[in-house]
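Peer 1: Structure file model30.cif, mmCIF, C-alpha atoms and all ligand atoms, is pasted below:
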data_target
#
loop_
_atom_site.label_atom_id
_atom_site.label_comp_id
_atom_site.auth_asym_id
_atom_site.auth_seq_id
_atom_site.Cartn_x
_atom_site.Cartn_y
_atom_site.Cartn_z
CA MET A 1 83.83 94.59 103.89
CA THR A 2 83.31 97.20 106.55
CA THR A 3 84.60 100.52 105.44
CA TYR A 4 86.08 103.20 107.65
CA GLU A 5 82.91 105.22 107.05
CA THR A 6 80.70 102.43 108.46
CA VAL A 7 82.83 102.08 111.60
CA ALA A 8 83.04 105.86 111.97
CA ALA A 9 79.22 106.02 111.84
CA GLN A 10 78.94 103.32 114.57
CA LEU A 11 81.34 105.19 116.83
CA THR A 12 79.54 108.47 116.23
CA ALA A 13 76.21 106.87 117.14
CA GLY A 14 77.80 105.68 120.40
CA ILE A 15 79.10 109.17 121.16
CA ILE A 16 75.62 110.61 120.59
CA GLU A 17 73.80 107.94 122.66
CA ASP A 18 76.25 107.24 125.48
CA GLY A 19 79.16 109.67 125.19
CA TYR A 20 81.54 106.84 124.32
CA ALA A 21 82.03 103.82 122.03
CA VAL A 22 84.47 100.97 121.52
CA VAL A 23 85.36 99.04 118.37
CA ASP A 24 87.55 95.96 117.98
CA ASP A 25 89.78 94.90 115.08
CA LEU A 26 89.98 98.48 113.87
CA LEU A 27 92.87 98.12 111.41
CA ASP A 28 94.19 95.31 109.24
CA LEU A 29 96.41 93.04 111.29
CA SER A 30 99.41 93.93 109.12
CA VAL A 31 98.87 97.64 109.87
CA PHE A 32 98.46 96.92 113.59
CA LYS A 33 101.71 94.93 113.56
CA ALA A 34 103.57 97.71 111.77
CA ILE A 35 102.38 100.27 114.33
CA ARG A 36 103.35 97.93 117.12
CA TYR A 37 106.80 97.49 115.55
CA ARG A 38 107.24 101.26 115.25
CA PHE A 39 106.35 101.59 118.93
CA ASP A 40 109.13 99.15 119.85
CA GLU A 41 111.60 101.08 117.72
CA LEU A 42 110.76 104.35 119.47
CA GLN A 43 111.11 102.70 122.87
CA ASP A 44 114.47 101.23 121.85
CA GLU A 45 115.58 104.68 120.67
CA ASP A 46 114.57 106.15 124.03
CA GLU A 47 112.18 108.59 122.36
CA PHE A 48 109.68 108.73 125.23
CA GLU A 49 109.53 111.23 128.05
CA LYS A 50 107.66 111.28 131.34
CA ALA A 51 104.25 112.88 130.87
CA GLY A 52 103.21 115.81 133.04
CA ILE A 53 99.87 117.19 134.14
CA GLY A 54 98.38 120.51 133.00
CA LYS A 55 100.38 122.74 130.73
CA GLN A 56 102.86 125.57 130.77
CA LEU A 57 102.78 127.29 134.19
CA GLN A 58 100.58 124.63 135.77
CA TYR A 59 102.76 121.84 134.44
CA THR A 60 103.83 119.32 137.06
CA ILE A 61 105.11 115.77 137.05
CA ASP A 62 103.60 113.45 139.62
CA LYS A 63 103.89 109.78 138.86
CA GLN A 64 101.32 108.91 141.51
CA VAL A 65 98.69 110.82 139.56
CA ARG A 66 99.85 110.07 136.04
CA GLY A 67 102.31 107.27 135.36
CA ASP A 68 102.75 107.21 131.61
CA PHE A 69 105.62 108.06 129.29
CA ILE A 70 104.73 109.70 126.00
CA ARG A 71 106.09 110.55 122.59
CA TRP A 72 104.14 113.07 120.51
CA ILE A 73 103.39 112.19 116.89
CA ASP A 74 104.25 114.85 114.35
CA PRO A 75 101.45 114.71 111.75
CA ALA A 76 103.96 115.66 109.05
CA ASP A 77 106.25 112.78 110.01
CA GLN A 78 104.07 109.72 109.87
CA THR A 79 105.04 106.20 109.11
CA ALA A 80 102.69 104.56 106.63
CA SER A 81 101.14 102.52 109.45
CA VAL A 82 100.32 105.48 111.67
CA TYR A 83 99.04 107.29 108.60
CA GLU A 84 96.45 104.52 108.26
CA LEU A 85 95.21 105.18 111.81
CA TYR A 86 95.05 108.88 110.92
CA ARG A 87 93.01 107.99 107.85
CA PHE A 88 90.47 106.27 110.06
CA ILE A 89 90.40 109.09 112.60
CA ASN A 90 89.83 111.50 109.77
CA ALA A 91 86.78 109.52 108.61
CA PHE A 92 85.54 109.62 112.23
CA LYS A 93 86.08 113.38 112.36
CA VAL A 94 84.09 113.90 109.14
CA GLU A 95 81.20 111.80 110.53
CA LEU A 96 81.24 113.60 113.90
CA ASN A 97 81.11 116.99 112.22
CA ARG A 98 78.33 115.84 109.88
CA SER A 99 76.16 114.29 112.63
CA CYS A 100 76.98 116.31 115.74
CA TYR A 101 78.25 119.67 114.45
CA LEU A 102 81.17 119.41 116.83
CA GLY A 103 83.33 121.61 114.61
CA ILE A 104 86.39 119.40 114.90
CA LYS A 105 89.29 121.10 113.11
CA ASP A 106 92.42 119.24 114.05
CA MET A 107 93.92 116.59 116.30
CA GLU A 108 96.91 115.88 118.48
CA THR A 109 98.22 112.39 119.24
CA HIS A 110 100.96 110.66 121.14
CA TYR A 111 102.29 107.20 121.78
CA ALA A 112 102.05 106.27 125.45
CA PHE A 113 103.25 103.50 127.69
CA TYR A 114 102.59 102.86 131.35
CA PRO A 115 105.29 100.85 133.12
CA GLU A 116 104.06 98.03 135.35
CA GLY A 117 102.35 99.40 138.47
CA ARG A 118 101.35 102.74 136.96
CA GLY A 119 98.00 104.27 135.97
CA TYR A 120 96.35 107.63 135.57
CA GLN A 121 94.03 108.82 138.33
CA LYS A 122 90.53 110.19 137.65
CA HIS A 123 90.64 113.24 135.41
CA ARG A 124 89.03 114.98 132.45
CA ASP A 125 90.94 115.60 129.22
CA ARG A 126 88.96 118.80 128.66
CA PHE A 127 89.28 121.38 131.39
CA LYS A 128 89.42 125.14 131.91
CA THR A 129 93.02 125.54 130.84
CA ASN A 130 92.56 123.14 127.95
CA PRO A 131 89.05 123.62 126.57
CA HIS A 132 89.78 122.57 122.99
CA ARG A 133 89.84 118.81 123.43
CA ILE A 134 86.37 117.65 122.37
CA VAL A 135 86.66 113.90 121.77
CA SER A 136 89.39 111.62 123.13
CA PHE A 137 90.47 108.41 121.41
CA VAL A 138 92.75 105.59 122.49
CA TYR A 139 94.06 102.86 120.20
CA TYR A 140 95.46 99.98 122.22
CA LEU A 141 98.54 97.92 121.37
CA ASN A 142 98.55 95.18 124.02
CA GLU A 143 98.72 91.78 122.36
CA GLY A 144 97.67 88.88 124.56
CA TRP A 145 96.14 91.19 127.17
CA GLN A 146 94.26 89.13 129.75
CA ALA A 147 92.19 89.67 132.88
CA GLY A 148 94.58 90.45 135.71
CA ASP A 149 96.94 92.48 133.52
CA GLY A 150 95.09 95.61 134.70
CA GLY A 151 95.33 98.97 132.98
CA GLU A 152 91.62 99.10 132.17
CA LEU A 153 90.14 102.44 131.17
CA VAL A 154 87.15 103.29 133.39
CA LEU A 155 84.62 105.97 132.40
CA TYR A 156 82.43 107.69 135.01
CA ASP A 157 79.17 109.60 134.86
CA GLU A 158 78.68 113.03 136.43
CA ASP A 159 77.94 111.39 139.82
CA GLU A 160 81.25 109.54 139.46
CA ARG A 161 79.57 106.17 139.09
CA GLY A 162 81.50 103.85 136.79
CA ILE A 163 79.61 103.46 133.51
CA LYS A 164 82.09 101.58 131.34
CA THR A 165 85.28 99.56 131.74
CA VAL A 166 87.44 99.07 128.64
CA GLU A 167 90.12 96.40 128.55
CA PRO A 168 93.15 97.75 126.66
CA LYS A 169 93.22 94.97 124.06
CA ALA A 170 95.29 95.11 120.89
CA ASN A 171 93.72 96.74 117.83
CA ARG A 172 90.80 98.12 119.88
CA LEU A 173 89.78 101.77 119.68
CA ALA A 174 87.91 103.56 122.48
CA VAL A 175 86.41 107.02 121.95
CA PHE A 176 84.71 109.26 124.49
CA LEU A 177 83.76 112.89 125.09
CA SER A 178 86.83 114.60 126.54
CA GLU A 179 84.75 116.19 129.33
CA THR A 180 84.06 112.68 130.72
CA VAL A 181 85.74 111.80 134.02
CA HIS A 182 87.93 108.74 133.43
CA GLU A 183 90.78 106.79 134.92
CA VAL A 184 93.45 104.28 133.88
CA LEU A 185 93.69 101.55 136.51
CA ASN A 186 97.18 100.54 137.55
CA CYS A 187 98.59 97.96 135.17
CA ASN A 188 100.37 94.77 136.19
CA THR A 189 102.22 94.56 132.92
CA GLU A 190 103.46 97.32 130.62
CA ARG A 191 100.56 98.97 128.77
CA ARG A 192 100.90 100.59 125.35
CA SER A 193 98.60 102.81 123.29
CA ILE A 194 98.26 105.68 120.89
CA THR A 195 96.16 108.37 122.54
CA GLY A 196 94.74 111.39 120.78
CA TRP A 197 92.27 114.24 120.92
CA LEU A 198 90.02 115.85 118.35
CA LEU A 199 90.25 119.62 118.75
CA ASP A 200 87.88 122.48 117.92
CA VAL A 201 90.79 124.73 116.90
CA PRO A 202 93.96 124.13 114.86
CA VAL A 203 96.52 122.48 117.14
CA GLU A 204 98.84 125.51 117.03
CA LEU A 205 96.11 127.62 118.65
CA THR A 206 95.34 125.36 121.63
CA PHE A 207 97.66 127.44 123.83
CA LEU A 208 95.11 130.29 123.60
CA GLY A 209 92.94 128.46 126.15
C1 LIG A 301 94.86 110.09 128.83
C2 LIG A 301 94.00 108.93 129.15
C3 LIG A 301 93.27 106.69 128.64
C4 LIG A 301 93.82 105.36 128.21
O1 LIG A 301 95.96 109.89 128.28
O2 LIG A 301 94.44 111.23 129.13
O3 LIG A 301 93.10 109.09 129.92
O4 LIG A 301 93.06 104.40 128.19
N1 LIG A 301 94.22 107.74 128.55
O5 LIG A 301 95.02 105.28 127.90
NI NI A 302 92.57 111.12 129.90
#
For the file at hand, write its structure as structure tokens.
Ligand code: OGA
Ligand code: NI
Peer 2:
Amino acid sequence: MTTYETVAAQLTAGIIEDGYAVVDDLLDLSVFKAIRYRFDELQDEDEFEKAGIGKQLQYTIDKQVRGDFIRWIDPADQTASVYELYRFINAFKVELNRSCYLGIKDMETHYAFYPEGRGYQKHRDRFKTNPHRIVSFVYYLNEGWQAGDGGELVLYDEDERGIKTVEPKANRLAVFLSETVHEVLNCNTERRSITGWLLDVPVELTFLG
């Protein structure tokens, strides 16, 4: 049986070597299904809101640039299924801090969906006004995803050459350094995920910039 620690070590090795890593079949199928079910519930309850770009004063909403709808996850209010994802991410955090001294202290996560036709243009998750995001992770929830559905995550190097394309397949986790330029290609069918960031300060201090 592969333990969370083994998978966390594989992902950490990928971060060190390449700045990213991808793993399939992350969680037990029953846990994946429960998370997927919770996602549906939140959508039915209209819990999502249009995501913006930047924060506070710089905050803008431009669906051409960023097309997703999000719902933040309160770490104190987790369903058992999401808690299991957190358990894995915590193992990953421990391994990153042990191997890379990244000083990860906390995380923030949200559910996200992109309606058909939407994507997220090239950007970095770590930038001047938000320097505390160190590692980004995306857990995909798209059962039966197939070529042509779009919504791939594309990672770029510093010369903006594409270095990795990740298909957003169900129960797959992608991790990458938050300073990496990346893009979500427009999707041809609704695209769902849980997206999160490992932070080098407690989440309540990220506003300090
Ligand atoms: C983001 C992002 C990537 C993805 O939300 O900042 O780049 O694959 N997401 O959903
Ligand atoms: Ni991003």
Peer 1: To one decimal place in Å, what is the distance between atom CA of A:Ile134 and atom CA of A:Ser178?
Peer 2: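 Pair atom CA of A:Ile134 / atom CA of A:Ser178 returns 5.2 Å.
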Peer 1: Identify the residues within 12 Å of coordinate (79.9, 105.0, 110.5) (same frame as the file), considering all atoms listed in the file, and give the answer as a list in words.
Peer 2: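 Nearby residues: Thr2, Thr3, Tyr4, Glu5, Thr6, Val7, Ala8, Ala9, Gln10, Leu11, Thr12, Ala13, Gly14, Ile15, Ala21, Val23, Phe88, Ile89, Asn90, Ala91, Phe92, Lys93, Val94, Glu95, Leu96, Arg98 and Ser99 of chain A.
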Peer 1: Which residues, written as a list of chain:residue names, have at least one atom at most 8 Å from A:Glu158, with only C-alpha atoms counted and residues fewer than 2 positions away on the same chain left out?
Peer 2: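 With the cut-off at 8 Å, the set is A:Tyr156, A:Glu160, A:Arg161, A:Thr180, A:Val181.
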Peer 1: In Å, how far is it from atom CA of A:Val82 to atom CA of A:Ile35?
Peer 2: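 If I compute the distance from atom CA of A:Val82 to atom CA of A:Ile35, I get 6.2 Å.
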Peer 1: Padding of 8 Å on every side, edges along x, y and z, all listed atoms of ligand LIG 301 (chain A) included: what centre and edge lengths in Å, to one decimal, does that box have, as AutoDock Vina command-line options?
Peer 2:
--center_x 94.5 --center_y 107.8 --center_z 128.9 --size_x 18.9 --size_y 22.8 --size_z 18.0
Peer 1: Report, in Å to a single decimal, how far apart atom CA of A:Asp24 and atom CA of A:Tyr139 are.
Peer 2: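 About the pair atom CA of A:Tyr139 and atom CA of A:Asp24: they are 9.7 Å apart.
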Peer 1: Residues within 8 Å of ligand LIG 301 (chain A) (only C-alpha atoms and all ligand atoms), as a list of chain:residue names?
Peer 2: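 The residues near ligand LIG 301 (chain A) are A:Ala112, A:Tyr120, A:His123, A:Arg124, A:Asp125, A:Ser136, A:Phe137, A:Val138, A:Tyr140, A:Gly151, A:Glu152, A:Leu153, A:Val154, A:Val166, A:Pro168, A:Ala174, A:His182, A:Glu183, A:Val184, A:Arg192, A:Ser193, A:Ile194, A:Thr195, A:Gly196.
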Peer 1: Using only C-alpha atoms, find the one residue out of A:Asp18, A:Glu45, A:Asp157, A:Glu190 that sits nearest to A:Phe113.
Peer 2: A:Glu190
Peer 1: I need the residue nearest A:Gly67 from this list: A:Thr206, A:Gln121, A:Asn130, A:Thr165. Use all atoms listed in the file for the distance.
Peer 2: A:Gln121
Peer 1: Just checking: using only C-alpha atoms and all ligand atoms, which residue out of A:Glu41, A:Glu116, A:Asp68, A:Asp106 ends up closest to ligand NI 302 (chain A)?
Peer 2: A:Asp68
Peer 1: Name the closest residue to ligand NI 302 (chain A) among the candidates A:Ala170, A:Ile104, A:Leu205, A:Val65; distances are taken between atoms, counting only C-alpha atoms and all ligand atoms.
Peer 2: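 Between A:Ala170, A:Ile104, A:Leu205, A:Val65, the residue approaching ligand NI 302 (chain A) most closely is A:Val65.
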Peer 1: Quick one: of A:Asp46, A:Glu179, A:Asp200, A:Asp159, who's nearest to ligand NI 302 (chain A), counting all atoms listed in the file?
Peer 2: A:Glu179
Peer 1: Pick out the closest residue to ligand NI 302 (chain A) from this set: A:Ile163, A:Leu155, A:Tyr86, A:Val203. Count only C-alpha atoms and all ligand atoms.
Peer 2: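 Nearest to ligand NI 302 (chain A): A:Leu155.
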Peer 1: Keeping C-alpha atoms (and nothing else), can you write stretch 23-96 of chain A of this structure as a tab-separated table (two decimals), in the first residue's frame?
Peer 2:
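The result, written out as result_9.tsv:
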chain	number	residue	atom	x	y	z
A	23	VAL	CA	0.06	12.12	-9.22
A	24	ASP	CA	-2.97	10.05	-10.21
A	25	ASP	CA	-5.45	8.14	-8.04
A	26	LEU	CA	-4.56	10.30	-5.06
A	27	LEU	CA	-7.44	9.36	-2.76
A	28	ASP	CA	-9.59	6.28	-2.29
A	29	LEU	CA	-12.36	6.23	-4.84
A	30	SER	CA	-14.98	6.46	-2.07
A	31	VAL	CA	-13.33	9.65	-0.76
A	32	PHE	CA	-13.11	11.10	-4.27
A	33	LYS	CA	-16.81	10.36	-4.80
A	34	ALA	CA	-17.76	11.99	-1.50
A	35	ILE	CA	-15.81	15.14	-2.41
A	36	ARG	CA	-17.43	15.16	-5.82
A	37	TYR	CA	-20.86	14.81	-4.20
A	38	ARG	CA	-20.13	17.69	-1.82
A	39	PHE	CA	-19.14	19.81	-4.81
A	40	ASP	CA	-22.52	19.14	-6.44
A	41	GLU	CA	-24.31	20.07	-3.23
A	42	LEU	CA	-22.49	23.40	-3.02
A	43	GLN	CA	-23.29	24.15	-6.65
A	44	ASP	CA	-26.96	23.28	-6.06
A	45	GLU	CA	-26.97	25.59	-3.03
A	46	ASP	CA	-25.52	28.39	-5.15
A	47	GLU	CA	-22.52	28.73	-2.85
A	48	PHE	CA	-20.07	29.83	-5.54
A	49	GLU	CA	-19.13	33.35	-6.52
A	50	LYS	CA	-17.30	34.78	-9.50
A	51	ALA	CA	-13.57	34.89	-8.81
A	52	GLY	CA	-11.67	38.15	-9.17
A	53	ILE	CA	-8.05	38.99	-9.87
A	54	GLY	CA	-5.63	40.55	-7.37
A	55	LYS	CA	-6.88	41.52	-3.96
A	56	GLN	CA	-8.38	44.39	-2.04
A	57	LEU	CA	-7.74	47.66	-3.92
A	58	GLN	CA	-6.44	45.92	-7.03
A	59	TYR	CA	-9.38	43.54	-7.10
A	60	THR	CA	-11.15	43.34	-10.45
A	61	ILE	CA	-13.45	40.89	-12.17
A	62	ASP	CA	-12.68	40.16	-15.80
A	63	LYS	CA	-14.09	36.94	-17.13
A	64	GLN	CA	-11.88	37.11	-20.20
A	65	VAL	CA	-8.81	36.81	-17.99
A	66	ARG	CA	-10.18	34.52	-15.32
A	67	GLY	CA	-13.39	32.58	-15.88
A	68	ASP	CA	-13.87	30.50	-12.76
A	69	PHE	CA	-16.36	30.58	-9.91
A	70	ILE	CA	-15.05	29.76	-6.46
A	71	ARG	CA	-16.13	28.83	-2.97
A	72	TRP	CA	-13.52	29.11	-0.21
A	73	ILE	CA	-13.11	26.17	2.15
A	74	ASP	CA	-13.14	27.01	5.84
A	75	PRO	CA	-10.55	24.71	7.43
A	76	ALA	CA	-12.68	24.55	10.58
A	77	ASP	CA	-15.73	23.44	8.60
A	78	GLN	CA	-14.59	20.41	6.69
A	79	THR	CA	-16.60	17.49	5.56
A	80	ALA	CA	-14.88	14.18	6.31
A	81	SER	CA	-14.00	13.80	2.62
A	82	VAL	CA	-12.29	17.17	2.28
A	83	TYR	CA	-10.56	16.50	5.58
A	84	GLU	CA	-8.93	13.48	3.91
A	85	LEU	CA	-7.52	15.70	1.15
A	86	TYR	CA	-6.24	18.04	3.88
A	87	ARG	CA	-4.61	15.07	5.58
A	88	PHE	CA	-2.69	14.34	2.40
A	89	ILE	CA	-1.73	17.97	1.84
A	90	ASN	CA	-0.49	18.09	5.39
A	91	ALA	CA	1.80	15.10	4.76
A	92	PHE	CA	3.05	16.93	1.63
A	93	LYS	CA	3.68	20.08	3.67
A	94	VAL	CA	5.71	18.13	6.26
A	95	GLU	CA	7.83	16.55	3.50
A	96	LEU	CA	8.38	19.88	1.71
